[in-house]
Amino acid sequence: MRAFRVAYDGRPFHGFQRQPSVPTVEDAVFDALDALDVFDRGARDRPRGYAAAGRTDAGVSALAQTVAFECPEWCSPRALNGELPGHVRAWAAADAPGDFHATHDAVRREYVYDLYGPALDDERAAEAAATLGGEHDFHNLTPDDRGTVRDVSISIDRDGDFLSLRVAAGGFPRSLVRRLVSVIRGVAGGDRTVENVRRLLGPEPLDGPDGVPAAPPGPLLLADVDYPGLDFERDPRGVESAVEVFDARRRDALVRSRVTGRIVDAVGGVVDDGTGRRDESDGRPRRQ
């Protein structure tokens, strides 16, 4: 049995778990294993011993998604990357006991959400996080009917225009992290009160206008999954490939940000005259 750390950009996928007729990360992994003759998709539903750490939603990315299955010794992150799409990269692996289960044996999962909020109040955000942290029944913050009692830790750091939220627990019901983000953003922006947060954690079901929508999935990252006694070893070629792929995607995003920024500035009446000076304008050319 081997366990693999897998990073991916979740935007092109309809989530991690297999679904009919739409691209998912799990399908990409299974296609790669089929191409490597690790298992036959036509003969079996999944590789022997297969399990994954979690089921990220559509658009959610991962650094440390973990999948495990029985495979030959030569099956390495480098081998997997030879068949995986470019935005899915295996970068580390560990030998695991024969009865290892990537879902049930995880003792802690950590997500990071980069919340854009230059005007959000840091102290109010911290107060909301402190209220939400600890063991609670989060039945008002998930569509799940079972497994809603969780012991959650939340930390917040200001990083320029962003609040970086780190949320950790042994496991999470569906949409909980993104709804926690919505609550914290609401309190930090003045749209919710801490008393409202306490009502959300109470026994009374709240839906309709009192319910909490999930924050957008794009800024969410599955950052870490802990397994006691499992020693993941970085694969040098896998690491090199992952850094190359995601650094290129970062550059593309920065370039696109400049393009869209020029559109915003021009439509909004901010003119760049090519000298680095930017002046408020009505959008018309300036006479010299």
# chains A, B, ... in the order shown; residues from 1 in each chain; ligands from 1
>>> residues_around(residues="Pro213 (chain A)", least_positions_apart="5", cutoff="9 Å", atoms="only C-alpha atoms", output="ChimeraX atom specification")
/A:141,178-179,182-183
>>> write_last_selection(atoms="all heavy atoms", output="PDB file, in the first residue's frame")
ATOM      1  N   LEU A 141     -24.779  25.188   9.601  1.00  0.00           N
ATOM      2  CA  LEU A 141     -23.725  25.598   8.673  1.00  0.00           C
ATOM      3  C   LEU A 141     -23.322  24.474   7.732  1.00  0.00           C
ATOM      4  O   LEU A 141     -22.218  24.484   7.180  1.00  0.00           O
ATOM      5  CB  LEU A 141     -22.507  26.099   9.455  1.00  0.00           C
ATOM      6  CG  LEU A 141     -22.737  27.362  10.295  1.00  0.00           C
ATOM      7  CD1 LEU A 141     -21.511  27.687  11.127  1.00  0.00           C
ATOM      8  CD2 LEU A 141     -23.098  28.540   9.405  1.00  0.00           C
ATOM      9  N   ARG A 178     -16.547  26.819   4.106  1.00  0.00           N
ATOM     10  CA  ARG A 178     -16.957  27.990   3.332  1.00  0.00           C
ATOM     11  C   ARG A 178     -18.085  28.761   4.015  1.00  0.00           C
ATOM     12  O   ARG A 178     -18.191  29.979   3.872  1.00  0.00           O
ATOM     13  CB  ARG A 178     -17.358  27.572   1.919  1.00  0.00           C
ATOM     14  CG  ARG A 178     -16.162  27.121   1.088  1.00  0.00           C
ATOM     15  CD  ARG A 178     -16.465  27.072  -0.381  1.00  0.00           C
ATOM     16  NE  ARG A 178     -17.285  25.945  -0.751  1.00  0.00           N
ATOM     17  CZ  ARG A 178     -18.323  26.017  -1.572  1.00  0.00           C
ATOM     18  NH1 ARG A 178     -18.704  27.179  -2.077  1.00  0.00           N
ATOM     19  NH2 ARG A 178     -19.001  24.937  -1.876  1.00  0.00           N
ATOM     20  N   ARG A 179     -18.918  28.086   4.786  1.00  0.00           N
ATOM     21  CA  ARG A 179     -19.957  28.800   5.533  1.00  0.00           C
ATOM     22  C   ARG A 179     -19.374  29.497   6.766  1.00  0.00           C
ATOM     23  O   ARG A 179     -19.836  30.573   7.142  1.00  0.00           O
ATOM     24  CB  ARG A 179     -21.082  27.839   5.911  1.00  0.00           C
ATOM     25  CG  ARG A 179     -21.876  27.362   4.684  1.00  0.00           C
ATOM     26  CD  ARG A 179     -22.906  26.302   5.035  1.00  0.00           C
ATOM     27  NE  ARG A 179     -23.384  25.634   3.852  1.00  0.00           N
ATOM     28  CZ  ARG A 179     -24.590  25.823   3.296  1.00  0.00           C
ATOM     29  NH1 ARG A 179     -25.430  26.697   3.835  1.00  0.00           N
ATOM     30  NH2 ARG A 179     -24.953  25.160   2.219  1.00  0.00           N
ATOM     31  N   SER A 182     -18.145  32.674   5.426  1.00  0.00           N
ATOM     32  CA  SER A 182     -19.238  33.628   5.206  1.00  0.00           C
ATOM     33  C   SER A 182     -19.645  34.317   6.505  1.00  0.00           C
ATOM     34  O   SER A 182     -19.909  35.521   6.529  1.00  0.00           O
ATOM     35  CB  SER A 182     -20.451  32.915   4.598  1.00  0.00           C
ATOM     36  OG  SER A 182     -20.272  32.668   3.233  1.00  0.00           O
ATOM     37  N   VAL A 183     -19.707  33.540   7.588  1.00  0.00           N
ATOM     38  CA  VAL A 183     -20.093  34.117   8.879  1.00  0.00           C
ATOM     39  C   VAL A 183     -19.046  35.131   9.336  1.00  0.00           C
ATOM     40  O   VAL A 183     -19.377  36.245   9.757  1.00  0.00           O
ATOM     41  CB  VAL A 183     -20.282  33.007   9.928  1.00  0.00           C
ATOM     42  CG1 VAL A 183     -20.532  33.624  11.302  1.00  0.00           C
ATOM     43  CG2 VAL A 183     -21.445  32.105   9.552  1.00  0.00           C
TER      44      VAL A 183
END
>>> residues_around(residues="region 153-168 of chain A", least_positions_apart="2", cutoff="12 Å", atoms="only C-alpha atoms", output="NGL selection string")
:A and (107-136 or 150-151 or 170-172 or 176-182 or 184-185 or 188 or 219-226)
>>> atom_distance(atom1="CA of Ala7 (chain A)", atom2="CA of Asp252 (chain A)")
18.0 Å
>>> residues_around(residues="region 55-57 of chain A", least_positions_apart="6", cutoff="8 Å", atoms="only C-alpha atoms", output="VMD selection string")
chain A and resid 14 to 17 217 222
>>> residues_around(residues="region 22-28 of chain A", least_positions_apart="2", cutoff="9 Å", atoms="only C-alpha atoms", output="NGL selection string")
:A and (8 or 10 or 12-20 or 30-33 or 52 or 58 or 83-85 or 88)
>>> closest_residue(among="A:Leu254, A:Pro205, A:Gly238, A:Val187", to="Gly82 (chain A)", atoms="only C-alpha atoms")
A:Gly238
>>> select_by_dssp(residues="region 37-182 of chain A", states="strand (DSSP E)", output="compact mmCIF listing (two decimals) with all heavy atoms, in the first residue's frame")
# COMPACT_ATOMS: atom_id res chain seq x y z
N ALA A 51 -8.58 4.74 -1.16
CA ALA A 51 -9.36 5.73 -0.41
C ALA A 51 -8.66 7.07 -0.56
O ALA A 51 -7.46 7.14 -0.88
CB ALA A 51 -9.49 5.36 1.06
N ALA A 52 -9.42 8.14 -0.34
CA ALA A 52 -8.87 9.50 -0.41
C ALA A 52 -9.15 10.23 0.89
O ALA A 52 -10.09 9.91 1.61
CB ALA A 52 -9.49 10.26 -1.59
N SER A 61 -9.25 23.88 -4.44
CA SER A 61 -7.93 23.35 -4.78
C SER A 61 -7.32 22.60 -3.61
O SER A 61 -7.86 22.62 -2.49
CB SER A 61 -7.00 24.50 -5.22
OG SER A 61 -7.50 25.15 -6.36
N ALA A 62 -6.20 21.95 -3.85
CA ALA A 62 -5.55 21.18 -2.79
C ALA A 62 -4.04 21.25 -2.93
O ALA A 62 -3.50 21.31 -4.05
CB ALA A 62 -6.00 19.72 -2.82
N LEU A 63 -3.39 21.24 -1.80
CA LEU A 63 -1.94 21.05 -1.71
C LEU A 63 -1.64 19.63 -1.24
O LEU A 63 -0.69 19.01 -1.73
CB LEU A 63 -1.34 22.06 -0.73
CG LEU A 63 0.08 21.78 -0.22
CD1 LEU A 63 1.08 21.83 -1.37
CD2 LEU A 63 0.47 22.77 0.88
N ALA A 64 -2.44 19.12 -0.30
CA ALA A 64 -2.11 17.85 0.36
C ALA A 64 -3.27 16.86 0.31
O ALA A 64 -3.45 16.09 1.25
CB ALA A 64 -1.69 18.11 1.80
N GLN A 65 -4.05 16.87 -0.78
CA GLN A 65 -4.99 15.77 -0.93
C GLN A 65 -4.19 14.47 -0.90
O GLN A 65 -3.07 14.40 -1.43
CB GLN A 65 -5.74 15.88 -2.26
CG GLN A 65 -6.66 14.71 -2.57
CD GLN A 65 -7.85 14.62 -1.63
OE1 GLN A 65 -7.71 14.09 -0.52
NE2 GLN A 65 -8.99 15.15 -2.04
N THR A 66 -4.72 13.47 -0.26
CA THR A 66 -3.98 12.22 -0.08
C THR A 66 -4.82 11.06 -0.59
O THR A 66 -5.97 10.89 -0.18
CB THR A 66 -3.63 12.00 1.40
OG1 THR A 66 -2.92 13.14 1.89
CG2 THR A 66 -2.76 10.77 1.58
N VAL A 67 -4.24 10.29 -1.50
CA VAL A 67 -4.88 9.08 -2.00
C VAL A 67 -3.96 7.91 -1.74
O VAL A 67 -2.73 8.04 -1.78
CB VAL A 67 -5.20 9.19 -3.51
CG1 VAL A 67 -6.22 10.29 -3.77
CG2 VAL A 67 -3.94 9.44 -4.33
N ALA A 68 -4.55 6.76 -1.44
CA ALA A 68 -3.76 5.56 -1.15
C ALA A 68 -4.39 4.36 -1.82
O ALA A 68 -5.62 4.27 -1.94
CB ALA A 68 -3.65 5.34 0.36
N PHE A 69 -3.55 3.41 -2.25
CA PHE A 69 -4.04 2.22 -2.94
C PHE A 69 -2.88 1.23 -3.05
O PHE A 69 -1.71 1.58 -2.85
CB PHE A 69 -4.58 2.56 -4.33
CG PHE A 69 -3.70 3.51 -5.11
CD1 PHE A 69 -2.61 3.06 -5.85
CD2 PHE A 69 -3.94 4.87 -5.07
CE1 PHE A 69 -1.81 3.93 -6.54
CE2 PHE A 69 -3.13 5.77 -5.75
CZ PHE A 69 -2.07 5.29 -6.50
N VAL A 88 -2.80 18.70 -12.19
CA VAL A 88 -2.85 17.74 -11.09
C VAL A 88 -1.45 17.14 -10.97
O VAL A 88 -0.96 16.50 -11.90
CB VAL A 88 -3.89 16.62 -11.33
CG1 VAL A 88 -3.92 15.68 -10.14
CG2 VAL A 88 -5.26 17.22 -11.58
N ARG A 89 -0.80 17.33 -9.81
CA ARG A 89 0.58 16.87 -9.64
C ARG A 89 0.73 16.09 -8.35
O ARG A 89 0.36 16.56 -7.27
CB ARG A 89 1.54 18.04 -9.59
CG ARG A 89 1.63 18.93 -10.83
CD ARG A 89 2.40 18.27 -11.96
NE ARG A 89 1.52 17.48 -12.80
CZ ARG A 89 1.93 16.77 -13.84
NH1 ARG A 89 3.23 16.73 -14.12
NH2 ARG A 89 1.08 16.07 -14.56
N ALA A 90 1.28 14.87 -8.45
CA ALA A 90 1.71 14.11 -7.27
C ALA A 90 3.12 14.55 -6.93
O ALA A 90 3.97 14.69 -7.81
CB ALA A 90 1.66 12.62 -7.56
N TRP A 91 3.39 14.79 -5.62
CA TRP A 91 4.70 15.35 -5.28
C TRP A 91 5.37 14.66 -4.09
O TRP A 91 6.53 14.94 -3.78
CB TRP A 91 4.59 16.84 -5.01
CG TRP A 91 3.62 17.24 -3.94
CD1 TRP A 91 2.28 17.44 -4.08
CD2 TRP A 91 3.91 17.48 -2.57
NE1 TRP A 91 1.71 17.79 -2.87
CE2 TRP A 91 2.70 17.83 -1.93
CE3 TRP A 91 5.09 17.45 -1.80
CZ2 TRP A 91 2.61 18.13 -0.58
CZ3 TRP A 91 5.02 17.75 -0.45
CH2 TRP A 91 3.80 18.09 0.14
N ALA A 92 4.69 13.75 -3.42
CA ALA A 92 5.30 13.01 -2.31
C ALA A 92 4.56 11.69 -2.14
O ALA A 92 3.43 11.52 -2.60
CB ALA A 92 5.25 13.82 -1.01
N ALA A 93 5.23 10.74 -1.48
CA ALA A 93 4.62 9.42 -1.27
C ALA A 93 5.14 8.81 0.02
O ALA A 93 6.20 9.20 0.54
CB ALA A 93 4.92 8.50 -2.45
N ALA A 94 4.39 7.85 0.54
CA ALA A 94 4.78 7.14 1.77
C ALA A 94 4.32 5.70 1.69
O ALA A 94 3.23 5.42 1.16
CB ALA A 94 4.17 7.82 2.99
N ASP A 95 5.13 4.79 2.20
CA ASP A 95 4.68 3.41 2.36
C ASP A 95 3.70 3.37 3.53
O ASP A 95 3.91 4.01 4.56
CB ASP A 95 5.86 2.50 2.64
CG ASP A 95 6.78 2.37 1.43
OD1 ASP A 95 6.28 2.42 0.30
OD2 ASP A 95 8.00 2.24 1.64
N ARG A 108 -6.36 14.89 11.40
CA ARG A 108 -6.54 16.34 11.32
C ARG A 108 -6.47 16.78 9.86
O ARG A 108 -5.61 16.35 9.11
CB ARG A 108 -5.44 17.06 12.12
CG ARG A 108 -5.51 18.58 12.13
CD ARG A 108 -4.37 19.14 12.97
NE ARG A 108 -4.34 20.59 13.00
CZ ARG A 108 -3.74 21.35 12.07
NH1 ARG A 108 -3.12 20.75 11.06
NH2 ARG A 108 -3.75 22.66 12.18
N ARG A 109 -7.40 17.65 9.49
CA ARG A 109 -7.41 18.26 8.17
C ARG A 109 -7.39 19.78 8.34
O ARG A 109 -8.08 20.31 9.20
CB ARG A 109 -8.64 17.83 7.38
CG ARG A 109 -8.69 16.34 7.06
CD ARG A 109 -10.06 15.93 6.58
NE ARG A 109 -10.11 14.56 6.09
CZ ARG A 109 -10.28 13.49 6.86
NH1 ARG A 109 -10.42 13.63 8.18
NH2 ARG A 109 -10.32 12.29 6.33
N GLU A 110 -6.61 20.45 7.51
CA GLU A 110 -6.51 21.90 7.60
C GLU A 110 -6.78 22.53 6.24
O GLU A 110 -6.21 22.14 5.23
CB GLU A 110 -5.11 22.33 8.08
CG GLU A 110 -4.96 23.84 8.21
CD GLU A 110 -3.58 24.25 8.70
OE1 GLU A 110 -3.40 24.32 9.93
OE2 GLU A 110 -2.70 24.47 7.85
N TYR A 111 -7.67 23.52 6.26
CA TYR A 111 -7.99 24.30 5.07
C TYR A 111 -7.53 25.74 5.27
O TYR A 111 -7.55 26.26 6.39
CB TYR A 111 -9.49 24.29 4.79
CG TYR A 111 -10.03 23.00 4.23
CD1 TYR A 111 -10.42 21.96 5.06
CD2 TYR A 111 -10.16 22.82 2.85
CE1 TYR A 111 -10.93 20.77 4.54
CE2 TYR A 111 -10.67 21.65 2.32
CZ TYR A 111 -11.05 20.62 3.17
OH TYR A 111 -11.55 19.46 2.65
N VAL A 112 -7.16 26.39 4.17
CA VAL A 112 -6.82 27.80 4.19
C VAL A 112 -7.73 28.51 3.19
O VAL A 112 -7.90 28.05 2.05
CB VAL A 112 -5.35 28.05 3.81
CG1 VAL A 112 -5.06 29.55 3.74
CG2 VAL A 112 -4.42 27.38 4.81
N TYR A 113 -8.32 29.63 3.64
CA TYR A 113 -9.17 30.44 2.77
C TYR A 113 -8.61 31.86 2.75
O TYR A 113 -8.49 32.49 3.80
CB TYR A 113 -10.61 30.46 3.27
CG TYR A 113 -11.61 30.97 2.25
CD1 TYR A 113 -12.40 30.09 1.52
CD2 TYR A 113 -11.76 32.34 2.02
CE1 TYR A 113 -13.32 30.54 0.58
CE2 TYR A 113 -12.67 32.80 1.07
CZ TYR A 113 -13.45 31.90 0.37
OH TYR A 113 -14.36 32.36 -0.57
N ASP A 114 -8.27 32.34 1.55
CA ASP A 114 -7.76 33.71 1.41
C ASP A 114 -8.94 34.62 1.08
O ASP A 114 -9.41 34.67 -0.06
CB ASP A 114 -6.69 33.77 0.32
CG ASP A 114 -5.38 33.17 0.79
OD1 ASP A 114 -4.91 33.57 1.87
OD2 ASP A 114 -4.83 32.31 0.09
N LEU A 115 -9.39 35.33 2.09
CA LEU A 115 -10.57 36.18 1.98
C LEU A 115 -10.16 37.61 1.65
O LEU A 115 -9.47 38.26 2.42
CB LEU A 115 -11.34 36.15 3.32
CG LEU A 115 -12.57 37.06 3.45
CD1 LEU A 115 -13.63 36.69 2.43
CD2 LEU A 115 -13.13 36.95 4.86
N TYR A 116 -10.57 38.06 0.48
CA TYR A 116 -10.27 39.44 0.09
C TYR A 116 -11.13 40.38 0.92
O TYR A 116 -12.36 40.32 0.89
CB TYR A 116 -10.54 39.66 -1.39
CG TYR A 116 -10.22 41.07 -1.86
CD1 TYR A 116 -8.90 41.48 -2.01
CD2 TYR A 116 -11.24 41.98 -2.14
CE1 TYR A 116 -8.60 42.76 -2.44
CE2 TYR A 116 -10.94 43.27 -2.56
CZ TYR A 116 -9.62 43.65 -2.71
OH TYR A 116 -9.33 44.92 -3.12
N GLY A 134 -13.83 25.83 18.67
CA GLY A 134 -14.19 24.90 19.74
C GLY A 134 -15.19 23.86 19.25
O GLY A 134 -15.48 23.74 18.06
N GLU A 135 -15.73 23.10 20.20
CA GLU A 135 -16.67 22.04 19.84
C GLU A 135 -18.11 22.59 19.84
O GLU A 135 -18.58 23.12 20.85
CB GLU A 135 -16.57 20.87 20.81
CG GLU A 135 -17.47 19.70 20.42
CD GLU A 135 -17.25 18.48 21.28
OE1 GLU A 135 -16.10 17.95 21.25
OE2 GLU A 135 -18.20 18.06 21.98
N HIS A 136 -18.77 22.45 18.69
CA HIS A 136 -20.14 22.92 18.54
C HIS A 136 -20.89 21.97 17.62
O HIS A 136 -20.29 21.19 16.88
CB HIS A 136 -20.19 24.32 17.91
CG HIS A 136 -19.44 25.37 18.66
ND1 HIS A 136 -19.88 25.92 19.84
CD2 HIS A 136 -18.25 25.98 18.37
CE1 HIS A 136 -19.01 26.83 20.26
NE2 HIS A 136 -18.01 26.87 19.39
N ASP A 137 -22.20 22.08 17.65
CA ASP A 137 -23.04 21.42 16.66
C ASP A 137 -23.27 22.44 15.54
O ASP A 137 -23.98 23.43 15.71
CB ASP A 137 -24.38 20.99 17.28
CG ASP A 137 -25.20 20.13 16.33
OD1 ASP A 137 -24.96 20.21 15.10
OD2 ASP A 137 -26.08 19.39 16.80
N VAL A 149 -21.47 17.65 14.74
CA VAL A 149 -20.74 18.09 15.93
C VAL A 149 -19.24 17.94 15.65
O VAL A 149 -18.75 16.83 15.40
CB VAL A 149 -21.14 17.28 17.18
CG1 VAL A 149 -20.30 17.70 18.37
CG2 VAL A 149 -22.62 17.45 17.46
N ARG A 150 -18.53 19.05 15.70
CA ARG A 150 -17.10 19.06 15.39
C ARG A 150 -16.36 19.98 16.34
O ARG A 150 -16.90 20.98 16.83
CB ARG A 150 -16.85 19.52 13.95
CG ARG A 150 -17.54 18.67 12.90
CD ARG A 150 -16.86 17.34 12.70
NE ARG A 150 -17.61 16.48 11.78
CZ ARG A 150 -17.14 15.38 11.23
NH1 ARG A 150 -15.88 15.01 11.50
NH2 ARG A 150 -17.87 14.67 10.42
N ASP A 151 -15.07 19.65 16.57
CA ASP A 151 -14.18 20.50 17.35
C ASP A 151 -13.27 21.22 16.36
O ASP A 151 -12.37 20.60 15.78
CB ASP A 151 -13.38 19.66 18.34
CG ASP A 151 -12.59 20.51 19.33
OD1 ASP A 151 -12.57 21.75 19.16
OD2 ASP A 151 -12.01 19.94 20.27
N VAL A 152 -13.50 22.50 16.17
CA VAL A 152 -12.85 23.26 15.10
C VAL A 152 -11.94 24.33 15.69
O VAL A 152 -12.30 25.00 16.66
CB VAL A 152 -13.91 23.93 14.20
CG1 VAL A 152 -13.26 24.85 13.17
CG2 VAL A 152 -14.74 22.86 13.49
N SER A 153 -10.76 24.49 15.10
CA SER A 153 -9.89 25.61 15.46
C SER A 153 -9.79 26.55 14.25
O SER A 153 -9.71 26.09 13.11
CB SER A 153 -8.50 25.13 15.88
OG SER A 153 -7.82 24.55 14.78
N ILE A 154 -9.82 27.85 14.53
CA ILE A 154 -9.79 28.86 13.47
C ILE A 154 -8.77 29.93 13.85
O ILE A 154 -8.81 30.48 14.95
CB ILE A 154 -11.16 29.53 13.27
CG1 ILE A 154 -12.25 28.48 13.05
CG2 ILE A 154 -11.12 30.51 12.09
CD1 ILE A 154 -13.66 29.07 13.03
N SER A 155 -7.84 30.22 12.94
CA SER A 155 -6.90 31.32 13.15
C SER A 155 -6.99 32.26 11.96
O SER A 155 -7.29 31.84 10.83
CB SER A 155 -5.47 30.80 13.32
OG SER A 155 -5.02 30.16 12.15
N ILE A 156 -6.72 33.54 12.21
CA ILE A 156 -6.83 34.56 11.17
C ILE A 156 -5.57 35.42 11.18
O ILE A 156 -5.12 35.86 12.24
CB ILE A 156 -8.07 35.46 11.40
CG1 ILE A 156 -9.34 34.62 11.39
CG2 ILE A 156 -8.15 36.55 10.34
CD1 ILE A 156 -10.61 35.43 11.63
N ASP A 157 -5.01 35.65 10.00
CA ASP A 157 -3.86 36.52 9.85
C ASP A 157 -4.14 37.54 8.75
O ASP A 157 -4.65 37.19 7.68
CB ASP A 157 -2.60 35.72 9.47
CG ASP A 157 -2.13 34.82 10.59
OD1 ASP A 157 -1.99 35.32 11.72
OD2 ASP A 157 -1.92 33.62 10.34
N ARG A 158 -3.81 38.80 9.01
CA ARG A 158 -3.93 39.84 8.00
C ARG A 158 -2.72 39.79 7.09
O ARG A 158 -1.58 39.79 7.53
CB ARG A 158 -4.04 41.21 8.67
CG ARG A 158 -3.91 42.40 7.75
CD ARG A 158 -5.00 42.48 6.69
NE ARG A 158 -6.31 42.82 7.25
CZ ARG A 158 -7.39 42.99 6.50
NH1 ARG A 158 -7.31 42.85 5.18
NH2 ARG A 158 -8.55 43.27 7.06
N ASP A 159 -2.96 39.74 5.77
CA ASP A 159 -1.89 39.73 4.77
C ASP A 159 -2.26 40.74 3.70
O ASP A 159 -2.87 40.39 2.69
CB ASP A 159 -1.72 38.32 4.19
CG ASP A 159 -0.56 38.23 3.21
OD1 ASP A 159 0.21 39.21 3.11
OD2 ASP A 159 -0.42 37.18 2.54
N PHE A 162 -5.83 40.92 2.27
CA PHE A 162 -6.47 39.64 2.53
C PHE A 162 -6.46 39.28 4.01
O PHE A 162 -5.54 39.63 4.75
CB PHE A 162 -5.76 38.52 1.75
CG PHE A 162 -5.97 38.58 0.26
CD1 PHE A 162 -5.15 39.35 -0.53
CD2 PHE A 162 -7.00 37.85 -0.33
CE1 PHE A 162 -5.35 39.41 -1.91
CE2 PHE A 162 -7.20 37.90 -1.70
CZ PHE A 162 -6.38 38.69 -2.48
N LEU A 163 -7.50 38.59 4.41
CA LEU A 163 -7.51 37.86 5.67
C LEU A 163 -7.34 36.38 5.33
O LEU A 163 -8.15 35.81 4.60
CB LEU A 163 -8.83 38.07 6.43
CG LEU A 163 -9.05 39.43 7.09
CD1 LEU A 163 -10.42 39.45 7.75
CD2 LEU A 163 -7.96 39.72 8.11
N SER A 164 -6.28 35.77 5.84
CA SER A 164 -6.05 34.35 5.62
C SER A 164 -6.62 33.57 6.79
O SER A 164 -6.15 33.72 7.93
CB SER A 164 -4.56 34.05 5.45
OG SER A 164 -4.07 34.62 4.25
N LEU A 165 -7.62 32.76 6.52
CA LEU A 165 -8.28 31.96 7.55
C LEU A 165 -7.78 30.53 7.48
O LEU A 165 -7.84 29.90 6.41
CB LEU A 165 -9.80 31.97 7.35
CG LEU A 165 -10.58 33.21 7.81
CD1 LEU A 165 -10.16 34.46 7.06
CD2 LEU A 165 -12.08 32.97 7.64
N ARG A 166 -7.28 30.02 8.60
CA ARG A 166 -6.88 28.62 8.69
C ARG A 166 -7.88 27.90 9.59
O ARG A 166 -8.05 28.29 10.75
CB ARG A 166 -5.46 28.48 9.25
CG ARG A 166 -4.39 28.92 8.29
CD ARG A 166 -2.99 28.62 8.78
NE ARG A 166 -2.02 28.98 7.76
CZ ARG A 166 -1.58 28.15 6.81
NH1 ARG A 166 -2.01 26.89 6.80
NH2 ARG A 166 -0.72 28.55 5.91
N VAL A 167 -8.50 26.88 9.04
CA VAL A 167 -9.55 26.16 9.76
C VAL A 167 -9.14 24.69 9.82
O VAL A 167 -8.88 24.07 8.78
CB VAL A 167 -10.91 26.30 9.05
CG1 VAL A 167 -12.01 25.64 9.88
CG2 VAL A 167 -11.24 27.78 8.81
N ALA A 168 -9.07 24.14 11.02
CA ALA A 168 -8.61 22.76 11.20
C ALA A 168 -9.59 21.99 12.07
O ALA A 168 -10.19 22.54 13.00
CB ALA A 168 -7.22 22.72 11.80
N ALA A 169 -9.73 20.70 11.77
CA ALA A 169 -10.56 19.79 12.56
C ALA A 169 -10.22 18.37 12.14
O ALA A 169 -9.51 18.14 11.15
CB ALA A 169 -12.05 20.07 12.35
>>> closest_residue(among="A:Asp9, A:Asp34, A:Glu73, A:Asp105", to="Leu230 (chain A)", atoms="only C-alpha atoms")
A:Asp105
>>> closest_residue(among="A:Ser257, A:Asn140, A:Asn81, A:Ser21", to="Leu36 (chain A)", atoms="only C-alpha atoms")
A:Asn81
>>> closest_residue(among="A:Val245, A:Val267, A:Ala253, A:Val194", to="His87 (chain A)", atoms="only C-alpha atoms")
A:Val245
>>> closest_residue(among="A:Gly59, A:Gly98, A:Gly211, A:Gly190", to="His139 (chain A)", atoms="only C-alpha atoms")
A:Gly211
>>> closest_residue(among="A:Tyr227, A:Phe138, A:Phe4, A:Phe232", to="Val212 (chain A)", atoms="only C-alpha atoms")
A:Phe138
>>> decode(residues="region 123-135 of chain A", atoms="N, CA and C atoms", output="mmCIF file, in the first residue's frame")
data_model
loop_
_atom_site.group_PDB
_atom_site.id
_atom_site.type_symbol
_atom_site.label_atom_id
_atom_site.label_comp_id
_atom_site.auth_asym_id
_atom_site.auth_seq_id
_atom_site.Cartn_x
_atom_site.Cartn_y
_atom_site.Cartn_z
ATOM 1 N N GLU A 123 -10.472 42.970 14.184
ATOM 2 C CA GLU A 123 -10.876 42.614 15.542
ATOM 3 C C GLU A 123 -12.232 41.920 15.546
ATOM 4 N N ARG A 124 -13.151 42.405 14.728
ATOM 5 C CA ARG A 124 -14.461 41.757 14.650
ATOM 6 C C ARG A 124 -14.335 40.365 14.031
ATOM 7 N N ALA A 125 -13.447 40.225 13.038
ATOM 8 C CA ALA A 125 -13.213 38.908 12.438
ATOM 9 C C ALA A 125 -12.665 37.945 13.481
ATOM 10 N N ALA A 126 -11.713 38.406 14.287
ATOM 11 C CA ALA A 126 -11.127 37.559 15.324
ATOM 12 C C ALA A 126 -12.169 37.176 16.371
ATOM 13 N N GLU A 127 -13.070 38.110 16.710
ATOM 14 C CA GLU A 127 -14.120 37.810 17.682
ATOM 15 C C GLU A 127 -15.075 36.748 17.142
ATOM 16 N N ALA A 128 -15.406 36.845 15.866
ATOM 17 C CA ALA A 128 -16.275 35.838 15.249
ATOM 18 C C ALA A 128 -15.591 34.479 15.221
ATOM 19 N N ALA A 129 -14.307 34.470 14.876
ATOM 20 C CA ALA A 129 -13.565 33.212 14.829
ATOM 21 C C ALA A 129 -13.485 32.570 16.207
ATOM 22 N N ALA A 130 -13.261 33.382 17.244
ATOM 23 C CA ALA A 130 -13.193 32.852 18.607
ATOM 24 C C ALA A 130 -14.530 32.258 19.032
ATOM 25 N N THR A 131 -15.626 32.873 18.602
ATOM 26 C CA THR A 131 -16.954 32.360 18.939
ATOM 27 C C THR A 131 -17.242 31.046 18.222
ATOM 28 N N LEU A 132 -16.812 30.939 16.984
ATOM 29 C CA LEU A 132 -17.056 29.734 16.192
ATOM 30 C C LEU A 132 -16.105 28.595 16.560
ATOM 31 N N GLY A 133 -14.926 28.914 17.094
ATOM 32 C CA GLY A 133 -13.954 27.885 17.425
ATOM 33 C C GLY A 133 -14.394 27.038 18.599
ATOM 34 N N GLY A 134 -13.834 25.827 18.672
ATOM 35 C CA GLY A 134 -14.192 24.899 19.736
ATOM 36 C C GLY A 134 -15.195 23.865 19.254
ATOM 37 N N GLU A 135 -15.728 23.101 20.196
ATOM 38 C CA GLU A 135 -16.675 22.041 19.836
ATOM 39 C C GLU A 135 -18.107 22.593 19.837
#
